[in-house]
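Novice: File name upload-v9.pdb; file contents PDB, C-alpha atoms and all ligand atoms; full text below.
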```
ATOM      1  CA  MET A  21      21.523 -10.849  13.629
ATOM      2  CA  LEU A  22      20.151  -7.672  12.078
ATOM      3  CA  TRP A  23      21.288  -8.202   8.511
ATOM      4  CA  GLU A  24      18.564  -6.040   7.120
ATOM      5  CA  ASN A  25      20.270  -3.109   8.839
ATOM      6  CA  GLU A  26      23.595  -3.716   7.121
ATOM      7  CA  ALA A  27      24.822  -0.829   4.990
ATOM      8  CA  PRO A  28      23.086  -0.626   1.566
ATOM      9  CA  PRO A  29      25.165  -1.762  -1.423
ATOM     10  CA  THR A  30      27.411   0.961  -2.733
ATOM     11  CA  ASP A  31      27.775  -0.388  -6.271
ATOM     12  CA  ASN A  32      25.687   1.121  -9.026
ATOM     13  CA  GLU A  33      22.796  -1.074 -10.133
ATOM     14  CA  GLU A  34      22.880   0.539 -13.579
ATOM     15  CA  ASP A  35      26.432  -0.662 -14.267
ATOM     16  CA  ALA A  36      25.295  -4.282 -14.438
ATOM     17  CA  TYR A  37      23.146  -3.597 -17.516
ATOM     18  CA  LEU A  38      24.601  -4.143 -20.993
ATOM     19  CA  VAL A  39      22.783  -1.076 -22.340
ATOM     20  CA  PRO A  40      22.638   2.384 -20.754
ATOM     21  CA  VAL A  41      19.724   2.549 -18.307
ATOM     22  CA  LYS A  42      18.685   4.599 -15.314
ATOM     23  CA  VAL A  43      17.431   2.776 -12.221
ATOM     24  CA  ALA A  44      15.248   5.370 -10.551
ATOM     25  CA  GLU A  45      12.221   5.970  -8.370
ATOM     26  CA  LEU A  46       9.124   6.095 -10.623
ATOM     27  CA  PRO A  47       5.765   7.590  -9.612
ATOM     28  CA  GLY A  48       3.563   4.978  -7.903
ATOM     29  CA  LYS A  49       5.914   2.065  -8.677
ATOM     30  CA  GLY A  50       8.943   2.316  -6.408
ATOM     31  CA  MET A  51      12.132   1.794  -8.411
ATOM     32  CA  GLY A  52      12.123   0.958 -12.113
ATOM     33  CA  VAL A  53      14.497   0.767 -15.079
ATOM     34  CA  VAL A  54      14.420   3.390 -17.842
ATOM     35  CA  ALA A  55      16.270   3.173 -21.202
ATOM     36  CA  GLN A  56      18.853   5.890 -21.753
ATOM     37  CA  ARG A  57      19.134   5.241 -25.492
ATOM     38  CA  ASP A  58      17.022   3.509 -28.120
ATOM     39  CA  ILE A  59      17.281  -0.254 -27.691
ATOM     40  CA  SER A  60      16.791  -2.551 -30.688
ATOM     41  CA  GLN A  61      14.426  -5.482 -30.711
ATOM     42  CA  GLY A  62      16.342  -8.588 -29.658
ATOM     43  CA  GLU A  63      19.167  -6.719 -27.913
ATOM     44  CA  LEU A  64      20.590  -8.385 -24.810
ATOM     45  CA  VAL A  65      20.071  -5.901 -21.990
ATOM     46  CA  LEU A  66      21.112  -7.876 -18.913
ATOM     47  CA  ARG A  67      22.926 -11.058 -18.042
ATOM     48  CA  GLU A  68      22.849 -11.862 -14.349
ATOM     49  CA  GLU A  69      23.876 -14.642 -12.008
ATOM     50  CA  PRO A  70      21.601 -15.360  -9.051
ATOM     51  CA  LEU A  71      22.471 -14.095  -5.585
ATOM     52  CA  PHE A  72      21.287 -17.519  -4.452
ATOM     53  CA  VAL A  73      18.886 -20.227  -5.583
ATOM     54  CA  VAL A  74      16.440 -22.113  -3.383
ATOM     55  CA  PRO A  75      15.616 -25.656  -4.549
ATOM     56  CA  ASN A  76      11.995 -26.335  -5.447
ATOM     57  CA  LYS A  77      11.619 -28.789  -2.584
ATOM     58  CA  VAL A  78      12.997 -27.911   0.854
ATOM     59  CA  SER A  79      12.821 -29.779   4.144
ATOM     60  CA  MET A  80      13.016 -26.761   6.520
ATOM     61  CA  SER A  81      10.511 -23.884   6.668
ATOM     62  CA  PRO A  82      10.947 -21.575   3.636
ATOM     63  CA  GLY A  83      11.916 -18.647   5.886
ATOM     64  CA  ALA A  84      14.614 -20.705   7.620
ATOM     65  CA  VAL A  85      15.979 -21.847   4.235
ATOM     66  CA  LEU A  86      16.215 -18.241   3.109
ATOM     67  CA  LEU A  87      18.036 -17.124   6.255
ATOM     68  CA  ALA A  88      20.469 -20.022   5.826
ATOM     69  CA  SER A  89      21.110 -18.987   2.185
ATOM     70  CA  LEU A  90      21.543 -15.340   3.182
ATOM     71  CA  ALA A  91      24.052 -16.329   5.867
ATOM     72  CA  THR A  92      26.386 -17.686   3.165
ATOM     73  CA  LEU A  93      26.454 -14.403   1.200
ATOM     74  CA  PRO A  94      29.089 -11.680   1.497
ATOM     75  CA  PRO A  95      27.599  -8.631   3.322
ATOM     76  CA  ARG A  96      27.446  -6.570   0.124
ATOM     77  CA  GLU A  97      25.338  -9.168  -1.687
ATOM     78  CA  ARG A  98      23.177  -9.710   1.365
ATOM     79  CA  ALA A  99      22.581  -5.971   1.477
ATOM     80  CA  SER A 100      21.440  -5.977  -2.147
ATOM     81  CA  PHE A 101      18.815  -8.581  -1.184
ATOM     82  CA  TYR A 102      17.550  -6.461   1.715
ATOM     83  CA  ASN A 103      17.503  -3.430  -0.556
ATOM     84  CA  LEU A 104      14.773  -5.016  -2.723
ATOM     85  CA  SER A 105      11.120  -4.092  -2.383
ATOM     86  CA  TYR A 106       8.519  -6.362  -0.834
ATOM     87  CA  VAL A 107       4.808  -6.705  -0.158
ATOM     88  CA  ASN A 108       2.652  -8.920   2.069
ATOM     89  CA  LEU A 109       4.828  -8.799   5.198
ATOM     90  CA  PRO A 110       2.487 -10.078   7.948
ATOM     91  CA  SER A 111       1.704  -7.396  10.505
ATOM     92  CA  GLY A 112       1.989  -7.769  14.262
ATOM     93  CA  LEU A 113       5.500  -9.277  14.365
ATOM     94  CA  THR A 114       8.106  -7.789  16.704
ATOM     95  CA  PRO A 115      11.019  -6.566  14.565
ATOM     96  CA  ASP A 116      13.636  -8.278  16.736
ATOM     97  CA  SER A 117      11.929 -11.686  16.693
ATOM     98  CA  ASP A 118      13.141 -14.667  14.642
ATOM     99  CA  ALA A 119       9.689 -14.877  13.057
ATOM    100  CA  TYR A 120      10.026 -11.300  11.796
ATOM    101  CA  HIS A 121      13.424 -12.010  10.166
ATOM    102  CA  GLU A 122      12.053 -15.096   8.453
ATOM    103  CA  GLN A 123       8.895 -13.359   7.274
ATOM    104  CA  LEU A 124      10.823 -10.352   5.972
ATOM    105  CA  ALA A 125      13.182 -12.594   3.974
ATOM    106  CA  LEU A 126      10.170 -14.510   2.680
ATOM    107  CA  ALA A 127       8.297 -11.359   1.665
ATOM    108  CA  ILE A 128      11.347 -10.056  -0.264
ATOM    109  CA  PHE A 129      11.824 -13.456  -1.882
ATOM    110  CA  GLN A 130       8.189 -13.819  -2.916
ATOM    111  CA  THR A 131       8.089 -10.320  -4.405
ATOM    112  CA  ASN A 132      11.289 -10.707  -6.420
ATOM    113  CA  ALA A 133      12.356 -14.318  -7.033
ATOM    114  CA  VAL A 134      11.944 -16.016 -10.415
ATOM    115  CA  SER A 135      12.421 -19.521 -11.735
ATOM    116  CA  ALA A 136      15.962 -20.778 -12.185
ATOM    117  CA  GLY A 137      14.863 -23.874 -14.121
ATOM    118  CA  SER A 138      15.961 -27.223 -12.763
ATOM    119  CA  ARG A 139      17.934 -25.521  -9.973
ATOM    120  CA  GLY A 140      14.912 -23.978  -8.268
ATOM    121  CA  VAL A 141      13.955 -20.345  -7.699
ATOM    122  CA  GLY A 142      16.548 -17.566  -7.686
ATOM    123  CA  VAL A 143      16.969 -13.934  -6.712
ATOM    124  CA  PHE A 144      18.476 -11.626  -9.341
ATOM    125  CA  PRO A 145      18.675  -8.149  -7.799
ATOM    126  CA  ARG A 146      19.185  -6.249 -11.083
ATOM    127  CA  MET A 147      16.425  -8.027 -12.952
ATOM    128  CA  ALA A 148      14.214  -7.635  -9.867
ATOM    129  CA  ARG A 149      14.025  -3.874 -10.517
ATOM    130  CA  LEU A 150      11.945  -4.469 -13.643
ATOM    131  CA  ASN A 151       8.323  -3.503 -13.181
ATOM    132  CA  HIS A 152       5.386  -5.250 -14.784
ATOM    133  CA  GLY A 153       3.260  -4.574 -17.877
ATOM    134  CA  CYS A 154       0.465  -6.686 -19.431
ATOM    135  CA  SER A 155       0.045  -7.913 -23.010
ATOM    136  CA  ARG A 156       1.529  -5.373 -25.444
ATOM    137  CA  ALA A 157       2.812  -3.207 -22.580
ATOM    138  CA  PHE A 158       5.814  -5.329 -21.681
ATOM    139  CA  ASN A 159       8.866  -4.887 -23.822
ATOM    140  CA  VAL A 160      11.550  -7.151 -22.324
ATOM    141  CA  VAL A 161      11.547 -10.881 -21.614
ATOM    142  CA  TYR A 162      13.772 -12.873 -19.315
ATOM    143  CA  THR A 163      15.038 -16.400 -19.834
ATOM    144  CA  TRP A 164      16.928 -18.669 -17.484
ATOM    145  CA  ARG A 165      19.837 -20.471 -19.166
ATOM    146  CA  ASP A 166      20.246 -23.668 -17.207
ATOM    147  CA  ASP A 167      23.533 -24.686 -18.832
ATOM    148  CA  GLU A 168      25.164 -21.309 -18.109
ATOM    149  CA  GLY A 169      23.502 -20.682 -14.741
ATOM    150  CA  VAL A 170      22.495 -17.127 -15.726
ATOM    151  CA  LEU A 171      19.333 -15.194 -16.361
ATOM    152  CA  VAL A 172      19.278 -13.127 -19.555
ATOM    153  CA  VAL A 173      16.945 -10.265 -20.398
ATOM    154  CA  HIS A 174      16.295  -9.351 -24.055
ATOM    155  CA  ALA A 175      14.329  -6.526 -25.657
ATOM    156  CA  LEU A 176      11.135  -8.045 -27.050
ATOM    157  CA  LYS A 177      10.352  -4.869 -28.981
ATOM    158  CA  PRO A 178      12.209  -1.732 -30.006
ATOM    159  CA  ILE A 179      12.418   0.482 -26.887
ATOM    160  CA  ARG A 180      12.842   4.249 -27.179
ATOM    161  CA  ALA A 181      15.183   6.271 -24.972
ATOM    162  CA  GLY A 182      13.191   7.424 -21.942
ATOM    163  CA  GLU A 183      10.790   4.437 -22.003
ATOM    164  CA  GLU A 184      10.585   2.139 -19.016
ATOM    165  CA  LEU A 185      11.753  -1.450 -19.446
ATOM    166  CA  LEU A 186       8.827  -3.656 -18.432
ATOM    167  CA  THR A 187       8.665  -7.386 -18.058
ATOM    168  CA  THR A 188       5.646  -9.484 -17.153
ATOM    169  CA  TYR A 189       5.004 -11.244 -13.840
ATOM    170  CA  THR A 190       2.236 -13.543 -14.997
ATOM    171  CA  ASP A 191       0.476 -14.978 -18.022
ATOM    172  CA  THR A 192      -1.363 -11.881 -19.214
ATOM    173  CA  LYS A 193      -3.516 -13.689 -21.787
ATOM    174  CA  ARG A 194      -6.340 -13.205 -19.314
ATOM    175  CA  PRO A 195      -8.976 -10.484 -18.909
ATOM    176  CA  ARG A 196      -8.082  -7.256 -17.144
ATOM    177  CA  HIS A 197     -10.045  -7.923 -13.957
ATOM    178  CA  ILE A 198      -8.318 -11.294 -13.468
ATOM    179  CA  ARG A 199      -4.858  -9.859 -14.195
ATOM    180  CA  ARG A 200      -5.469  -7.037 -11.769
ATOM    181  CA  GLU A 201      -6.755  -9.356  -9.062
ATOM    182  CA  PHE A 202      -3.648 -11.551  -9.352
ATOM    183  CA  LEU A 203      -1.244  -8.595  -9.318
ATOM    184  CA  ARG A 204      -3.028  -6.969  -6.372
ATOM    185  CA  GLU A 205      -2.903 -10.166  -4.332
ATOM    186  CA  HIS A 206       0.646 -11.298  -5.153
ATOM    187  CA  TYR A 207       2.473  -8.024  -5.838
ATOM    188  CA  GLY A 208       0.378  -5.452  -4.000
ATOM    189  CA  PHE A 209      -0.344  -3.035  -6.847
ATOM    190  CA  GLU A 210      -3.227  -1.990  -9.053
ATOM    191  CA  CYS A 211      -1.972  -2.426 -12.613
ATOM    192  CA  GLN A 212      -2.195   0.820 -14.582
ATOM    193  CA  CYS A 213      -0.079  -0.333 -17.524
ATOM    194  CA  ALA A 214      -0.913   0.910 -21.025
ATOM    195  CA  VAL A 215      -3.251  -2.061 -21.587
ATOM    196  CA  CYS A 216      -4.944  -1.962 -18.170
ATOM    197  CA  SER A 217      -5.518   1.785 -18.654
ATOM    198  CA  LEU A 218      -7.374   1.404 -21.965
ATOM    199  CA  PRO A 219     -10.908   2.835 -22.024
ATOM    200  CA  ASP A 220     -13.492   0.136 -21.235
ATOM    201  CA  ASP A 221     -14.535  -0.514 -24.864
ATOM    202  CA  LEU A 222     -10.939  -0.978 -26.064
ATOM    203  CA  SER A 223     -10.070  -2.982 -22.951
ATOM    204  CA  ALA A 224     -12.995  -5.332 -23.702
ATOM    205  CA  LYS A 225     -11.660  -5.825 -27.257
ATOM    206  CA  SER A 226      -8.179  -6.533 -25.902
ATOM    207  CA  ASP A 227      -9.642  -9.020 -23.378
ATOM    208  CA  GLU A 228     -11.482 -10.778 -26.196
ATOM    209  CA  ARG A 229      -8.278 -11.162 -28.202
ATOM    210  CA  LEU A 230      -6.313 -12.363 -25.174
ATOM    211  CA  ASN A 231      -9.028 -14.877 -24.236
ATOM    212  CA  ALA A 232      -9.182 -16.107 -27.814
ATOM    213  CA  MET A 233      -5.383 -16.522 -27.885
ATOM    214  CA  SER A 234      -5.524 -18.506 -24.674
ATOM    215  CA  GLU A 235      -8.224 -20.817 -26.043
ATOM    216  CA  LEU A 236      -6.313 -21.239 -29.303
ATOM    217  CA  TYR A 237      -3.141 -22.158 -27.379
ATOM    218  CA  ALA A 238      -5.133 -24.859 -25.547
ATOM    219  CA  ARG A 239      -6.412 -26.141 -28.899
ATOM    220  CA  PHE A 240      -2.912 -26.047 -30.400
ATOM    221  CA  SER A 241      -1.468 -28.111 -27.558
ATOM    222  CA  SER A 242      -4.261 -30.685 -27.919
ATOM    223  CA  TRP A 243      -2.385 -31.816 -31.061
ATOM    224  CA  GLN A 244       0.018 -33.756 -28.854
ATOM    225  CA  HIS A 245      -2.953 -35.800 -27.573
ATOM    226  CA  GLU A 246      -4.029 -36.366 -31.180
ATOM    227  CA  ARG A 247      -7.251 -34.425 -30.719
ATOM    228  CA  ILE A 248      -6.548 -32.271 -33.779
ATOM    229  CA  SER A 249      -4.641 -32.970 -36.985
ATOM    230  CA  GLY A 250      -1.314 -31.440 -37.974
ATOM    231  CA  SER A 251      -2.921 -29.087 -40.473
ATOM    232  CA  GLU A 252      -5.510 -27.987 -37.882
ATOM    233  CA  ALA A 253      -2.684 -27.348 -35.413
ATOM    234  CA  THR A 254      -0.822 -25.286 -38.019
ATOM    235  CA  ALA A 255      -3.957 -23.272 -38.864
ATOM    236  CA  THR A 256      -4.480 -22.670 -35.121
ATOM    237  CA  ALA A 257      -0.915 -21.396 -34.758
ATOM    238  CA  VAL A 258      -1.498 -19.001 -37.671
ATOM    239  CA  SER A 259      -4.635 -17.681 -35.923
ATOM    240  CA  ILE A 260      -2.661 -17.163 -32.687
ATOM    241  CA  TRP A 261       0.003 -15.286 -34.635
ATOM    242  CA  ARG A 262      -2.575 -13.011 -36.302
ATOM    243  CA  LEU A 263      -4.335 -12.222 -33.037
ATOM    244  CA  GLY A 264      -0.958 -11.556 -31.403
ATOM    245  CA  GLU A 265      -0.175  -9.100 -34.194
ATOM    246  CA  GLU A 266      -3.460  -7.261 -33.648
ATOM    247  CA  GLU A 267      -3.020  -7.193 -29.877
ATOM    248  CA  GLY A 268       0.703  -6.360 -30.005
ATOM    249  CA  TYR A 269       1.370  -9.456 -27.901
ATOM    250  CA  TRP A 270       4.652 -10.730 -29.280
ATOM    251  CA  SER A 271       6.100 -12.890 -26.573
ATOM    252  CA  GLU A 272       5.881 -16.685 -26.861
ATOM    253  CA  ARG A 273       6.192 -16.362 -30.645
ATOM    254  CA  GLY A 274       9.617 -17.993 -30.711
ATOM    255  CA  GLN A 275       8.205 -21.001 -28.887
ATOM    256  CA  LEU A 276       5.122 -21.032 -31.115
ATOM    257  CA  ALA A 277       7.263 -21.011 -34.272
ATOM    258  CA  ALA A 278       9.412 -23.841 -32.882
ATOM    259  CA  ASP A 279       6.292 -25.833 -31.979
ATOM    260  CA  VAL A 280       4.804 -25.417 -35.474
ATOM    261  CA  ILE A 281       8.047 -26.696 -36.988
ATOM    262  CA  HIS A 282       7.831 -29.659 -34.634
ATOM    263  CA  VAL A 283       4.257 -30.358 -35.801
ATOM    264  CA  ALA A 284       5.271 -30.001 -39.458
ATOM    265  CA  ALA A 285       8.271 -32.325 -38.986
ATOM    266  CA  ALA A 286       6.039 -34.908 -37.278
ATOM    267  CA  HIS A 287       3.862 -34.910 -40.392
ATOM    268  CA  SER A 288       6.881 -34.868 -42.750
ATOM    269  CA  GLU A 289       5.722 -31.539 -44.146
TER     270      GLU A 289
HETATM  271  C1  LIG B 301       9.937  -7.152  -8.582
HETATM  272  S1  LIG B 301       9.543  -5.619  -7.845
HETATM  273  C2  LIG B 301       9.878  -4.473  -9.140
HETATM  274  C3  LIG B 301      10.790  -3.347  -8.686
HETATM  275  C4  LIG B 301      10.242  -2.486  -7.599
HETATM  276  N1  LIG B 301       9.416  -1.425  -8.179
HETATM  277  C5  LIG B 301      11.328  -1.899  -6.738
HETATM  278  O1  LIG B 301      11.160  -0.772  -6.249
HETATM  279  O2  LIG B 301      12.337  -2.569  -6.493
HETATM  280  C6  LIG B 301       7.790  -5.746  -7.787
HETATM  281  C7  LIG B 301       7.095  -4.592  -7.144
HETATM  282  O3  LIG B 301       7.187  -3.426  -7.974
HETATM  283  C8  LIG B 301       5.959  -2.705  -7.981
HETATM  284  N2  LIG B 301       5.419  -2.740  -9.355
HETATM  285  C9  LIG B 301       5.780  -3.550 -10.368
HETATM  286  N3  LIG B 301       5.115  -3.274 -11.491
HETATM  287  C10 LIG B 301       4.281  -2.271 -11.195
HETATM  288  C11 LIG B 301       3.312  -1.542 -11.945
HETATM  289  N4  LIG B 301       3.065  -1.798 -13.224
HETATM  290  N5  LIG B 301       2.629  -0.557 -11.312
HETATM  291  C12 LIG B 301       2.847  -0.272  -9.998
HETATM  292  N6  LIG B 301       3.758  -0.934  -9.228
HETATM  293  C13 LIG B 301       4.478  -1.912  -9.825
HETATM  294  C14 LIG B 301       5.036  -3.409  -7.007
HETATM  295  O4  LIG B 301       5.185  -2.792  -5.755
HETATM  296  C15 LIG B 301       5.607  -4.818  -6.965
HETATM  297  O5  LIG B 301       5.323  -5.481  -5.750
END
```
Turn the structure described in the file into structure tokens.

Specialist:
Amino acid sequence: MLWENEAPPTDNEEDAYLVPVKVAELPGKGMGVVAQRDISQGELVLREEPLFVVPNKVSMSPGAVLLASLATLPPRERASFYNLSYVNLPSGLTPDSDAYHEQLALAIFQTNAVSAGSRGVGVFPRMARLNHGCSRAFNVVYTWRDDEGVLVVHALKPIRAGEELLTTYTDTKRPRHIRREFLREHYGFECQCAVCSLPDDLSAKSDERLNAMSELYARFSSWQHERISGSEATATAVSIWRLGEEEGYWSERGQLAADVIHVAAAHSE
């Protein structure tokens, strides 16, 4: 059972995108996705069904669950799973052992899988080619649509032809050293995105804004426990919005706007 040696997929990863992109090897990052024309803010760039989804709670070992899921896939789709990158494969395993097969599948899964809402965690091989950026550096966001069973990727910002499409792997409203530590441990790379590469003084300013946003979000959500009033919650949301503008951190704004409307409606404002 040497699935990982099956022939690589012959279809073109770029064809799955709804905008022209190049999926190519990028210096120091492995593969990545680069825009081939200007992309407008809000444009839908990818709509993808999962190769498979693993439920949040499983009774077998995670590696065994993955091998069972992979066994149900047509060879071409299985090959696109094994074609994905991975980190944190334990060393010292014999490549023809069952443990090796399980650990390899697990390493690929952990490097690439994302939430598929109530269904569990899914693998989306096109979306999985998107590299990471922090704060203002990421320019696309992905959303799982539970009712449709698809993952969609939208442009968060205008993206120029030749720019890389970057998503985010974690909550980046945290200081640089904590972001880097997380990314090193879970994804095996030292983040050199536009925000992580800022000179120390500018990076410290960015960290301050991101920390402040995080604290303000905590304050905003304390409204639901009646710790702050509706007008305080609204003023907090305005402060988050302003800081986000300064930092160039635009994601979560849709949710924030919806939450403020919820607060206003609760107070009949
Ligand atoms: C989900 S994959 C992204 C696509 C991957 N580059 C590939 O070749 O298929 C995650 C892996 O991509 C690499 N990666 C993602 N973002 C990166 C970044 N900003 N800088 C360097 N490597 C990055 C890391 O190796 C990480 O473990």

Novice: Please list as a ChimeraX atom specification every residue within 9 Å of stretch 168-182 of chain A, counting all atoms listed in the file and excluding residues in the same chain fewer than 5 positions away.

Specialist: /A:41,54-70,136,139,144,147,158-163,270-271

Novice: Step by step, measure atom-to-atom distances between ligand LIG 301 (chain B) and each residue using only C-alpha atoms and all ligand atoms, keep those at most 9 Å, then write them as a VMD selection string.

Specialist: chain A and resid 44 to 53 103 to 108 128 130 to 133 145 147 to 154 186 to 189 203 to 204 206 to 213

Novice: Taking the file as shown, find all residues satisfying the PyMOL selection byres (((chain A and resi 224-230) around 10) and not hetatm) and write them as a list in words.

Specialist: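 Applied to this file, the PyMOL selection byres (((chain A and resi 224-230) around 10) and not hetatm) selects Ser155, Arg156, Thr192, Lys193, Arg194, Pro195, Arg196, His197, Val215, Cys216, Leu218, Pro219, Asp220, Asp221, Leu222, Ser223, Asn231, Ala232, Met233, Ser234, Glu235, Leu236, Ile260, Leu263, Gly264, Glu266, Glu267, Gly268 and Tyr269 of chain A.
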
Novice: For the selection just defined, write its residues with C-alpha atoms to a file, as a short mmCIF file (atom, residue, chain, number, x, y, z; two decimals), in the coordinates of the input.

Specialist:
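Generated output (part.cif):
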```
data_model
loop_
_atom_site.label_atom_id
_atom_site.label_comp_id
_atom_site.auth_asym_id
_atom_site.auth_seq_id
_atom_site.Cartn_x
_atom_site.Cartn_y
_atom_site.Cartn_z
CA SER A 155 0.04 -7.91 -23.01
CA ARG A 156 1.53 -5.37 -25.44
CA THR A 192 -1.36 -11.88 -19.21
CA LYS A 193 -3.52 -13.69 -21.79
CA ARG A 194 -6.34 -13.20 -19.31
CA PRO A 195 -8.98 -10.48 -18.91
CA ARG A 196 -8.08 -7.26 -17.14
CA HIS A 197 -10.04 -7.92 -13.96
CA VAL A 215 -3.25 -2.06 -21.59
CA CYS A 216 -4.94 -1.96 -18.17
CA LEU A 218 -7.37 1.40 -21.96
CA PRO A 219 -10.91 2.84 -22.02
CA ASP A 220 -13.49 0.14 -21.24
CA ASP A 221 -14.54 -0.51 -24.86
CA LEU A 222 -10.94 -0.98 -26.06
CA SER A 223 -10.07 -2.98 -22.95
CA ASN A 231 -9.03 -14.88 -24.24
CA ALA A 232 -9.18 -16.11 -27.81
CA MET A 233 -5.38 -16.52 -27.88
CA SER A 234 -5.52 -18.51 -24.67
CA GLU A 235 -8.22 -20.82 -26.04
CA LEU A 236 -6.31 -21.24 -29.30
CA ILE A 260 -2.66 -17.16 -32.69
CA LEU A 263 -4.34 -12.22 -33.04
CA GLY A 264 -0.96 -11.56 -31.40
CA GLU A 266 -3.46 -7.26 -33.65
CA GLU A 267 -3.02 -7.19 -29.88
CA GLY A 268 0.70 -6.36 -30.00
CA TYR A 269 1.37 -9.46 -27.90
#
```

Novice: For atom CA of A:Leu86 and atom CA of A:Thr114, determine how far apart the two atoms are, in Å to one decimal place.

Specialist: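 Rounded to one decimal, the two atoms are 19.0 Å apart.
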
Novice: Please expand the PyMOL selection byres (((chain A and resi 289) around 12) and not hetatm) into the concrete residues it hits in this file, giving the result as an mmCIF file with C-alpha atoms, in the frame of the given file.

Specialist:
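As a result, selection.cif now contains:
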```cif
data_model
loop_
_atom_site.group_PDB
_atom_site.id
_atom_site.type_symbol
_atom_site.label_atom_id
_atom_site.label_comp_id
_atom_site.auth_asym_id
_atom_site.auth_seq_id
_atom_site.Cartn_x
_atom_site.Cartn_y
_atom_site.Cartn_z
ATOM 1 C CA GLY A 250 -1.314 -31.440 -37.974
ATOM 2 C CA SER A 251 -2.921 -29.087 -40.473
ATOM 3 C CA THR A 254 -0.822 -25.286 -38.019
ATOM 4 C CA VAL A 280 4.804 -25.417 -35.474
ATOM 5 C CA ILE A 281 8.047 -26.696 -36.988
ATOM 6 C CA HIS A 282 7.831 -29.659 -34.634
ATOM 7 C CA VAL A 283 4.257 -30.358 -35.801
ATOM 8 C CA ALA A 284 5.271 -30.001 -39.458
ATOM 9 C CA ALA A 285 8.271 -32.325 -38.986
ATOM 10 C CA ALA A 286 6.039 -34.908 -37.278
ATOM 11 C CA HIS A 287 3.862 -34.910 -40.392
ATOM 12 C CA SER A 288 6.881 -34.868 -42.750
#
```

Novice: Just checking: using all atoms listed in the file, which residue out of A:Ala157, A:Glu252, A:Phe72, A:Met80 ends up closest to A:Glu183?

Specialist: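 Of all the options, A:Ala157 lies closest to A:Glu183.
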
Novice: Could you write out as JSON the box around stretch 268-274 of chain A (axis-aligned, all atoms listed in the file, 5 Å on each side), with centre and edge lengths in Å to one decimal?

Specialist:
```
{"center_x": 5.2, "center_y": -12.2, "center_z": -28.6, "size_x": 18.9, "size_y": 21.6, "size_z": 14.1}
```

Novice: Calculated over all atoms listed in the file, which of the candidates A:Asp279, A:Tyr237, A:Glu272, A:Arg96 has the smallest distance to A:Asp31?

Specialist: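 Of the candidates, the smallest distance to A:Asp31 is held by A:Arg96.
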
Novice: What residues have an atom no more than 12 Å from (23.2, -16.8, 1.9) in the file's own frame, counting only C-alpha atoms, and can you write them as a list in words?

Specialist: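 Those residues, ordered by chain and then number, are Trp23, Pro70, Leu71, Phe72, Val73, Val74, Ala84, Val85, Leu86, Leu87, Ala88, Ser89, Leu90, Ala91, Thr92, Leu93, Pro94, Pro95, Arg96, Glu97, Arg98, Ala99, Ser100, Phe101, Tyr102, Ala125, Gly142 and Val143 of chain A.
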
Novice: To one decimal place, how far is atom CA of A:Pro82 from atom CA of A:Ser135 in Å?

Specialist: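 Atom CA of A:Ser135 lies 15.6 Å from atom CA of A:Pro82.
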
Novice: Could you work out how far atom CA of A:Leu109 lies from atom CA of A:Phe129, giving the answer in Å with one decimal?

Specialist: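 Atom-to-atom, atom CA of A:Phe129 and atom CA of A:Leu109 are spaced 11.0 Å apart.
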
Novice: Reconstruct N, CA and C atoms of stretch 49-59 of chain A; output as an mmCIF file, in the coordinates of the input.

Specialist:
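Result went into selection_28.cif, see below:
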```cif
data_model
loop_
_atom_site.group_PDB
_atom_site.id
_atom_site.type_symbol
_atom_site.label_atom_id
_atom_site.label_comp_id
_atom_site.auth_asym_id
_atom_site.auth_seq_id
_atom_site.Cartn_x
_atom_site.Cartn_y
_atom_site.Cartn_z
ATOM 1 N N LYS A 49 5.392 3.405 -8.385
ATOM 2 C CA LYS A 49 5.914 2.065 -8.677
ATOM 3 C C LYS A 49 7.138 1.688 -7.855
ATOM 4 N N GLY A 50 7.641 2.574 -7.022
ATOM 5 C CA GLY A 50 8.943 2.316 -6.408
ATOM 6 C C GLY A 50 10.020 2.504 -7.463
ATOM 7 N N MET A 51 11.055 1.664 -7.428
ATOM 8 C CA MET A 51 12.132 1.794 -8.411
ATOM 9 C C MET A 51 11.728 1.136 -9.726
ATOM 10 N N GLY A 52 12.345 1.575 -10.808
ATOM 11 C CA GLY A 52 12.123 0.958 -12.113
ATOM 12 C C GLY A 52 13.324 1.252 -12.997
ATOM 13 N N VAL A 53 13.333 0.667 -14.181
ATOM 14 C CA VAL A 53 14.497 0.767 -15.079
ATOM 15 C C VAL A 53 14.075 1.490 -16.360
ATOM 16 N N VAL A 54 14.803 2.564 -16.696
ATOM 17 C CA VAL A 54 14.420 3.390 -17.842
ATOM 18 C C VAL A 54 15.566 3.416 -18.861
ATOM 19 N N ALA A 55 15.245 3.184 -20.143
ATOM 20 C CA ALA A 55 16.270 3.173 -21.202
ATOM 21 C C ALA A 55 16.872 4.562 -21.366
ATOM 22 N N GLN A 56 18.180 4.610 -21.538
ATOM 23 C CA GLN A 56 18.853 5.890 -21.753
ATOM 24 C C GLN A 56 19.267 6.088 -23.211
ATOM 25 N N ARG A 57 18.990 5.086 -24.032
ATOM 26 C CA ARG A 57 19.134 5.241 -25.492
ATOM 27 C C ARG A 57 18.144 4.288 -26.133
ATOM 28 N N ASP A 58 17.913 4.448 -27.437
ATOM 29 C CA ASP A 58 17.022 3.509 -28.120
ATOM 30 C C ASP A 58 17.638 2.107 -28.040
ATOM 31 N N ILE A 59 16.812 1.135 -27.783
ATOM 32 C CA ILE A 59 17.281 -0.254 -27.691
ATOM 33 C C ILE A 59 16.589 -1.027 -28.809
#
```
